[in-house]
Amino acid sequence: MLYESEAAEREHLQDIVKKLRTALQAMEDKVSDSYRDIIEAKKYLWVNMAQLDPAERAANQVDISLSIDAGEKAAAKRQRIGKLVSSPYFGRVDFKAWDRPEADACYIGVHAFSEEESQRNLIYDWRSPIASLFYDFQVGEAHYEAPMGNVKGEMTAKRQYKIKDGVMDYMIESSMNINDDVLQKELSGSSDEKMKNIVATIQQEQNRIIRNETAGEMIIQGVAGSGKTSVALHRVAYLLYRFKDTLTSSNVLIISPNKAFSDYISNVLPELGEEMILEASMEEFAAQELGNLCRFQTFYEQSAALLEERDEAFAERIRFKARLDLIVELETYLKHAETHFFEAEDIVLERTVIPKEAVLDSYQAATGMPLQQRLAKAAAIIGGQSRTEDGERLAPDAVRRIKAAVKKMFKIPNLLNLYKEFYNHIGRPEMYKPIGKKWIEFADVFPLIYLKLLVEGAEPVQLVKHLLVDEMQDYTPVQYAVLAQRFPCKKTILGDATQSVNPYSSTSLADIKAVFPRAETMELLKSYRSTLEITNFALRIKPNRRLLPIERHGERPEVLRYENMEEEIGGIRELCRQFLNSKLHSLGIVCKTKAQAEQIAQAIAVLQTDVHLLDFSSAAFHEGITVTFAHMAKGLEFDQVIVPFADRENYRSEMDRSLLYVACTRAMHRLCLTYTGEIAPFLEQAGE
Ligand SMILES: Nc1ncnc2c1ncn2[C@@H]1O[C@H](COP(=O)(O)OP(=O)(O)OP(=O)(O)O)[C@@H](O)[C@H]1O
């Protein structure tokens with residue numbers, strides 16, 4: 001049996017670190033060499049410019065390009081090896097394939113590393129086929145999918161390591177799945193400014209999602225803290241590795257809730273050796289789609305307006321536009337519009353008249369294409385068929401005039417008017433209420449874009465080959481229909497129905513699946529972020545019987561009552577002081593609204609420390625004390641969370657319940673809620 005003592009493992013580690021350092025030095029030399037070559041080649045070109053003939057100059061340019069290429073490759077490799085020097089690997093599996101005489105030991109790390117001369121693999125990339133054994137099996141019979149087919153055999157040993165700065169912190173012989181001890185240690189650590197990679201402790205159910213290569217659309221429905229975002233990013237890294245010839249990081253687009261969130265997740269892919277991917281918020285995407293058609297309210301402004309006042313008509317407009325049926329209604333309306341709003345007329349050119357019947361025939365012959373193209377096609381047919389008095393083809397100017405005339409025959413050419421007319425047509429004119437001239441509510445943004453795409457015809461965005469959509473519960477079916485049209489590529493869509501920040505426009509899994517009928521759905525039910533005490537507390541706010549909390553213990557959440565607001569603010573300041581004297585790194589004060597967050601930020605400014613107010617204009621997420629509001633805090637996490645103003649007045653509606661749930665589930669280790677007067681009804685039993 002293969003068994004090496006810890007001492008032998010330490011020796012092995014030293015050996016690997018030595019080899020890595022040598023390789024690192026070699027890469028550094030290579031980088032310097034190629035830069036020197038570039039400088040010399042440029043110098044040569046400069047000095048001998050006059051004497052060189054064009055062929056020699058071209059050859060010199062090729063040399064320079066080759067050196068640049070070699071330099072960039074060496075620099076990338078140097079970066080990867082540099083990362084391995086500090087932590088070369090985190091796992092090992094000893095696997096004996098049935099057709100091999102003995103087991104091979106495979107060390108698994110964030111990147112692969114092989115010996116230069118022998119090309120022997122010393123470290124396997126966590127995404128390599130054999131590394132899947134580490135995530136999927138315990139000691140015993142095991143198998144993995146290799147390029148040449150399924151490899152069956154026996155895993156004779158499995159180990160986990162924590163290596164920091166090239167030194168082994170601990171090593172665990174694990175006969176179980178990814179050992180709970182290691183996971184516990186990882187989860188009890190402090191939160192960071194940036195999301196961390198989880199390669200060393202990916203769980204089996206997460207691995208299934210990460211390594212799924214077949215799904216055209218994958219929907220990940222996961223409870224709060226189940227690792228959805230982490231898993232989706234690891235999935236991207238896996239797909240980039242697996243399909244490196246056809247997929248690069250510039251082909252991946254992530255639609256994320258805001259800039260601070262993008263900044264928060266921005267380290268994961270670079271840590272995994274991949275470049276950062278493109279990202280955009282829904283609003284940025286919408287602005288691009290609408291061009292200068294009109295301005296619009298943002299999603300946050302919509303949610304904030306809902307929180308500020310109870311406007312049933314406003315809520316109803318949002319609800320109406322979040323229905324799945326709206327997609328078909330818009331399509332049906334446009335078909336109606338094409339027939340009824342097109343009024344054929346005679347086209348009179350100098351000495352030729354094209355009768356309206358001929359115009360109508362051409363328009364009818366061009367059915368089945370988007371309206372704009374249909375009008376152009378009808379005009380082209382007319383132009384092609386018409387002749388001058390002399391039997392000649394029409395001059396280009398006449399063709400242009402026909403085109404303009406046919407376009408005018410569609411009586412509502414303005415898209416915004418055409419959209420408004422939709423509500424008259426369905427007998428619900430009250431459902432369209434612009435904020436101002438050419439200024440629409442957020443609920444109208446995607447129905448309008450969808451109509452625009454139907455009218456103009458959607459050109460798919462070719463560059464994007466994989467689309468990642470986070471916080472899926474906040475997007476309506478029409479939003480998905482727009483995404484489906486513009487990005488007919490593979491997709492990973494993730495979210496949690498219980499974390500909707502706007503109950504009037506939240507979308508159920510069933511509705512998303514109706515837009516993507518072939519999507520594979522995977523569920524993540526285990527929650528990793530918070531201690532058992534915090535998870536149980538949050539579950540009493542929003543029960544979910546299927547959620548499986550991780551067995552990690554900490555302090556019971558505190559619910560602190562104060563006599564008045566002044567005392568409450570004083571209490572929050574005191575909690576901040578306690579945090580500053582603790583070992584925790586991040587404290588999130590998560591309010592319900594932005595106005596409350598501003599109030600708290602001002603009130604605790606007296607503390608001798610930086611207080612970061614995080615709102616939609618923030619570009620980054622910082623350690624220390626952050627004051628924010630639930631909508632903004634989605635997807636983020638803090639070592640400690642304080643939820644101020646947890647009283648009956650502030651948290652009373654279903655929307656408030658969701659926001660309170662989002663706020664509480666941001667806490668990893670410690671949670672405190674403060675209030676004056678009567679406690680919020682959702683919290684009455686939460687603390688028991
Ligand atoms: N397998 C794992 N090993 C270690 N940590 C994990 C693992 N899975 C998840 N985590 C940790 O759990 C926390 C939550 O992960 P993540 O933010 O990806 O979850 P989420 O489902 O997107 O959360 P939410 O929807 O609540 O924002 C993170 O700190 C992440 O590092």
# chains A, B, ... in the order shown; residues from 1 in each chain; ligands from 1
>>> residues_near_ligand(ligand="ligand 1", cutoff="7 Å", atoms="only C-alpha atoms and all ligand atoms", output="PyMOL selection string")
chain A and resi 183+186-187+191+195-198+201-203+222-231+495-496+528-529+634-636+665-666
>>> select_by_dssp(residues="region 8-250 of chain A", states="strand (DSSP E or B)", output="ChimeraX atom specification")
/A:91-97,104-109,113-114,121-125,140-146,149-164,167-173,217-222
>>> write_last_selection(atoms="C-alpha atoms", output="PDB file, in the first residue's frame")
ATOM      1  CA  GLY A  91      -4.739  17.432  -2.853  1.00  0.00           C
ATOM      2  CA  ARG A  92      -3.451  14.073  -3.865  1.00  0.00           C
ATOM      3  CA  VAL A  93      -5.090  10.947  -5.156  1.00  0.00           C
ATOM      4  CA  ASP A  94      -3.342   7.626  -5.639  1.00  0.00           C
ATOM      5  CA  PHE A  95      -5.118   5.840  -8.423  1.00  0.00           C
ATOM      6  CA  LYS A  96      -4.504   2.411  -9.856  1.00  0.00           C
ATOM      7  CA  ALA A  97      -6.212   1.923 -13.175  1.00  0.00           C
ATOM      8  CA  ASP A 104       0.167   6.566  -9.557  1.00  0.00           C
ATOM      9  CA  ALA A 105       0.244   9.450  -7.132  1.00  0.00           C
ATOM     10  CA  CYS A 106      -1.365  12.579  -8.615  1.00  0.00           C
ATOM     11  CA  TYR A 107      -0.891  15.880  -6.858  1.00  0.00           C
ATOM     12  CA  ILE A 108      -3.572  18.410  -7.688  1.00  0.00           C
ATOM     13  CA  GLY A 109      -3.110  22.168  -7.736  1.00  0.00           C
ATOM     14  CA  PHE A 113       3.319  21.756 -13.598  1.00  0.00           C
ATOM     15  CA  SER A 114       5.565  19.265 -15.344  1.00  0.00           C
ATOM     16  CA  ASN A 121       3.366  15.675 -14.608  1.00  0.00           C
ATOM     17  CA  LEU A 122       4.332  16.750 -11.116  1.00  0.00           C
ATOM     18  CA  ILE A 123       1.116  18.654 -10.473  1.00  0.00           C
ATOM     19  CA  TYR A 124      -2.206  18.202 -12.234  1.00  0.00           C
ATOM     20  CA  ASP A 125      -4.523  21.095 -12.943  1.00  0.00           C
ATOM     21  CA  GLY A 140     -12.138   2.552  -3.167  1.00  0.00           C
ATOM     22  CA  GLU A 141     -13.388   1.889  -6.672  1.00  0.00           C
ATOM     23  CA  ALA A 142     -13.380   4.981  -8.803  1.00  0.00           C
ATOM     24  CA  HIS A 143     -13.380   6.130 -12.383  1.00  0.00           C
ATOM     25  CA  TYR A 144     -12.925   9.234 -14.468  1.00  0.00           C
ATOM     26  CA  GLU A 145     -13.663  10.395 -17.968  1.00  0.00           C
ATOM     27  CA  ALA A 146     -10.446  10.718 -19.993  1.00  0.00           C
ATOM     28  CA  GLY A 149     -12.730   6.961 -22.654  1.00  0.00           C
ATOM     29  CA  ASN A 150     -13.760   6.055 -19.133  1.00  0.00           C
ATOM     30  CA  VAL A 151     -10.841   4.925 -16.950  1.00  0.00           C
ATOM     31  CA  LYS A 152     -11.825   2.524 -14.169  1.00  0.00           C
ATOM     32  CA  GLY A 153      -9.721   1.518 -11.233  1.00  0.00           C
ATOM     33  CA  GLU A 154      -9.175   1.933  -7.543  1.00  0.00           C
ATOM     34  CA  MET A 155      -8.294   4.964  -5.524  1.00  0.00           C
ATOM     35  CA  THR A 156      -5.894   3.716  -2.892  1.00  0.00           C
ATOM     36  CA  ALA A 157      -5.293   6.971  -1.031  1.00  0.00           C
ATOM     37  CA  LYS A 158      -6.568  10.502  -0.862  1.00  0.00           C
ATOM     38  CA  ARG A 159      -4.938  13.387   0.947  1.00  0.00           C
ATOM     39  CA  GLN A 160      -5.486  17.063   1.480  1.00  0.00           C
ATOM     40  CA  TYR A 161      -2.910  19.713   2.256  1.00  0.00           C
ATOM     41  CA  LYS A 162      -2.848  23.302   3.316  1.00  0.00           C
ATOM     42  CA  ILE A 163       0.376  24.852   2.082  1.00  0.00           C
ATOM     43  CA  LYS A 164       1.233  28.489   2.702  1.00  0.00           C
ATOM     44  CA  VAL A 167       5.428  25.383   3.872  1.00  0.00           C
ATOM     45  CA  MET A 168       2.942  22.713   4.856  1.00  0.00           C
ATOM     46  CA  ASP A 169       0.445  24.000   7.390  1.00  0.00           C
ATOM     47  CA  TYR A 170      -1.384  20.717   7.759  1.00  0.00           C
ATOM     48  CA  MET A 171      -2.068  17.513   5.941  1.00  0.00           C
ATOM     49  CA  ILE A 172      -5.099  15.275   6.243  1.00  0.00           C
ATOM     50  CA  GLU A 173      -5.443  11.669   5.189  1.00  0.00           C
ATOM     51  CA  GLU A 217     -28.371  26.424 -20.744  1.00  0.00           C
ATOM     52  CA  MET A 218     -27.730  25.565 -17.157  1.00  0.00           C
ATOM     53  CA  ILE A 219     -29.908  26.992 -14.422  1.00  0.00           C
ATOM     54  CA  ILE A 220     -28.482  26.828 -10.916  1.00  0.00           C
ATOM     55  CA  GLN A 221     -31.115  27.353  -8.265  1.00  0.00           C
ATOM     56  CA  GLY A 222     -29.362  27.499  -4.924  1.00  0.00           C
TER      57      GLY A 222
END
>>> select_by_dssp(residues="region 173-399 of chain A", states="alpha helix (DSSP H)", output="PyMOL selection string")
chain A and resi 180-188+204-210+228-242+259-265+268-271+282-290+299-308+312-321+325-340+356-365+371-385+396-399
>>> write_last_selection(atoms="C-alpha atoms", output="short mmCIF file (atom, residue, chain, number, x, y, z; two decimals), in the first residue's frame")
data_model
loop_
_atom_site.label_atom_id
_atom_site.label_comp_id
_atom_site.auth_asym_id
_atom_site.auth_seq_id
_atom_site.Cartn_x
_atom_site.Cartn_y
_atom_site.Cartn_z
CA ASP A 180 -15.13 18.17 6.44
CA ASP A 181 -12.28 19.39 8.62
CA VAL A 182 -10.67 21.18 5.72
CA LEU A 183 -13.98 22.68 4.64
CA GLN A 184 -14.69 23.78 8.20
CA LYS A 185 -11.27 25.45 8.39
CA GLU A 186 -11.88 27.25 5.10
CA LEU A 187 -15.33 28.41 6.12
CA SER A 188 -14.25 29.63 9.56
CA GLN A 204 -19.43 16.77 -5.09
CA GLU A 205 -22.75 18.42 -5.95
CA GLN A 206 -20.90 21.60 -6.95
CA ASN A 207 -18.40 19.64 -9.03
CA ARG A 208 -21.22 18.13 -11.06
CA ILE A 209 -22.26 21.62 -12.10
CA ILE A 210 -18.73 22.86 -12.72
CA LYS A 228 -23.80 29.52 -6.69
CA THR A 229 -21.60 32.45 -7.72
CA SER A 230 -18.40 30.60 -6.80
CA VAL A 231 -19.55 27.51 -8.68
CA ALA A 232 -20.57 29.51 -11.76
CA LEU A 233 -17.15 31.18 -11.90
CA HIS A 234 -15.36 27.86 -11.46
CA ARG A 235 -17.55 26.47 -14.21
CA VAL A 236 -16.39 29.24 -16.51
CA ALA A 237 -12.77 28.46 -15.60
CA TYR A 238 -13.41 24.78 -16.27
CA LEU A 239 -15.02 25.44 -19.66
CA LEU A 240 -12.17 27.79 -20.64
CA TYR A 241 -9.72 24.99 -19.84
CA ARG A 242 -11.73 22.26 -21.48
CA LYS A 259 -20.03 47.33 -10.23
CA ALA A 260 -19.07 46.62 -6.62
CA PHE A 261 -20.21 43.01 -7.08
CA SER A 262 -18.16 42.70 -10.27
CA ASP A 263 -15.17 44.01 -8.37
CA TYR A 264 -15.86 41.55 -5.56
CA ILE A 265 -15.81 38.54 -7.88
CA VAL A 268 -11.59 34.39 -8.86
CA LEU A 269 -10.76 33.81 -12.52
CA PRO A 270 -7.31 35.45 -12.42
CA GLU A 271 -6.54 33.30 -9.34
CA MET A 282 -28.55 44.82 -16.87
CA GLU A 283 -28.82 48.59 -17.05
CA GLU A 284 -25.65 48.91 -19.13
CA PHE A 285 -26.91 46.24 -21.47
CA ALA A 286 -30.34 47.91 -21.70
CA ALA A 287 -28.80 51.33 -22.38
CA GLN A 288 -26.85 49.85 -25.25
CA GLU A 289 -29.92 48.16 -26.68
CA LEU A 290 -32.08 51.27 -26.46
CA PHE A 299 -33.97 48.53 -11.32
CA TYR A 300 -32.83 49.92 -8.00
CA GLU A 301 -34.85 53.13 -8.48
CA GLN A 302 -37.87 50.97 -9.16
CA SER A 303 -37.33 48.93 -5.97
CA ALA A 304 -36.61 52.07 -3.93
CA ALA A 305 -39.81 53.71 -5.21
CA LEU A 306 -41.74 50.61 -4.12
CA LEU A 307 -40.25 50.85 -0.66
CA GLU A 308 -40.92 54.55 -0.27
CA GLU A 312 -50.72 49.88 -5.86
CA ALA A 313 -50.98 51.04 -9.49
CA PHE A 314 -47.19 51.17 -9.78
CA ALA A 315 -46.88 47.69 -8.29
CA GLU A 316 -49.55 46.44 -10.67
CA ARG A 317 -47.71 47.83 -13.70
CA ILE A 318 -44.59 46.00 -12.59
CA ARG A 319 -46.48 42.78 -11.93
CA PHE A 320 -48.21 42.99 -15.29
CA LYS A 321 -44.92 43.27 -17.15
CA ASP A 325 -47.55 35.78 -21.15
CA LEU A 326 -46.28 39.23 -22.01
CA ILE A 327 -43.79 37.70 -24.46
CA VAL A 328 -46.54 36.13 -26.57
CA GLU A 329 -48.77 39.18 -26.19
CA LEU A 330 -46.05 41.42 -27.64
CA GLU A 331 -45.45 38.99 -30.50
CA THR A 332 -49.17 38.77 -31.27
CA TYR A 333 -49.50 42.54 -31.10
CA LEU A 334 -46.72 43.06 -33.60
CA LYS A 335 -48.36 40.64 -36.02
CA HIS A 336 -51.55 42.65 -35.63
CA ALA A 337 -49.63 45.90 -36.10
CA GLU A 338 -48.00 44.63 -39.28
CA THR A 339 -51.40 43.99 -40.80
CA HIS A 340 -53.39 46.89 -39.42
CA LYS A 356 -51.28 50.56 -53.98
CA GLU A 357 -52.39 47.00 -54.87
CA ALA A 358 -48.91 46.30 -56.18
CA VAL A 359 -47.43 47.80 -53.02
CA LEU A 360 -49.64 45.58 -50.87
CA ASP A 361 -48.72 42.51 -52.92
CA SER A 362 -45.03 43.20 -52.36
CA TYR A 363 -45.60 43.81 -48.65
CA GLN A 364 -47.47 40.52 -48.42
CA ALA A 365 -44.77 38.70 -50.36
CA LEU A 371 -40.99 44.46 -39.80
CA GLN A 372 -38.09 46.73 -40.66
CA GLN A 373 -36.63 44.21 -43.06
CA ARG A 374 -40.07 43.41 -44.39
CA LEU A 375 -40.61 47.06 -45.35
CA ALA A 376 -37.19 47.20 -46.99
CA LYS A 377 -37.82 43.93 -48.82
CA ALA A 378 -41.26 45.09 -50.05
CA ALA A 379 -39.64 48.27 -51.37
CA ALA A 380 -36.91 46.22 -53.05
CA ILE A 381 -39.51 43.99 -54.73
CA ILE A 382 -41.40 47.04 -55.99
CA GLY A 383 -38.18 48.68 -57.19
CA GLY A 384 -37.08 45.49 -58.91
CA GLN A 385 -40.40 44.98 -60.68
CA PRO A 396 -31.20 54.56 -57.80
CA ASP A 397 -32.84 57.78 -56.69
CA ALA A 398 -36.30 56.45 -57.58
CA VAL A 399 -35.56 53.23 -55.70
#
>>> residues_around(residues="Pro370 (chain A)", least_positions_apart="4", cutoff="9 Å", atoms="only C-alpha atoms", output="ChimeraX atom specification")
/A:374-375,453-458
>>> write_last_selection(atoms="C-alpha atoms", output="CSV table (one decimal), in the first residue's frame")
chain,number,residue,atom,x,y,z
A,374,ARG,CA,-40.1,43.4,-44.4
A,375,LEU,CA,-40.6,47.1,-45.4
A,453,LEU,CA,-35.8,43.4,-31.5
A,454,LEU,CA,-39.0,42.0,-33.1
A,455,VAL,CA,-39.3,45.1,-35.3
A,456,GLU,CA,-35.7,45.4,-36.2
A,457,GLY,CA,-34.6,41.8,-36.1
A,458,ALA,CA,-32.0,40.7,-33.6
>>> closest_residue(among="A:Ser190, A:Thr609, A:Gln596, A:Gln685", to="Ala667 (chain A)", atoms="only C-alpha atoms")
A:Ser190
>>> closest_residue(among="A:Cys576, A:Leu416, A:Leu20, A:Ile255", to="Glu279 (chain A)", atoms="only C-alpha atoms")
A:Ile255
>>> atom_distance(atom1="CA of Gln297 (chain A)", atom2="CA of Gly436 (chain A)")
10.6 Å
>>> residues_around(residues="Asp192 (chain A)", least_positions_apart="6", cutoff="8 Å", atoms="only C-alpha atoms", output="PyMOL selection string")
chain A and resi 585-586+623
>>> write_last_selection(atoms="N, CA, C and O atoms", output="short mmCIF file (atom, residue, chain, number, x, y, z; two decimals), in the first residue's frame")
data_model
loop_
_atom_site.label_atom_id
_atom_site.label_comp_id
_atom_site.auth_asym_id
_atom_site.auth_seq_id
_atom_site.Cartn_x
_atom_site.Cartn_y
_atom_site.Cartn_z
N HIS A 585 -12.58 40.77 10.04
CA HIS A 585 -12.07 41.73 9.05
C HIS A 585 -13.13 42.65 8.47
O HIS A 585 -12.83 43.76 8.10
N SER A 586 -14.35 42.13 8.33
CA SER A 586 -15.33 42.97 7.65
C SER A 586 -16.64 43.03 8.43
O SER A 586 -17.12 42.01 8.95
N GLU A 623 -12.59 46.08 2.79
CA GLU A 623 -12.61 45.49 4.14
C GLU A 623 -12.97 46.58 5.14
O GLU A 623 -13.05 47.75 4.78
#
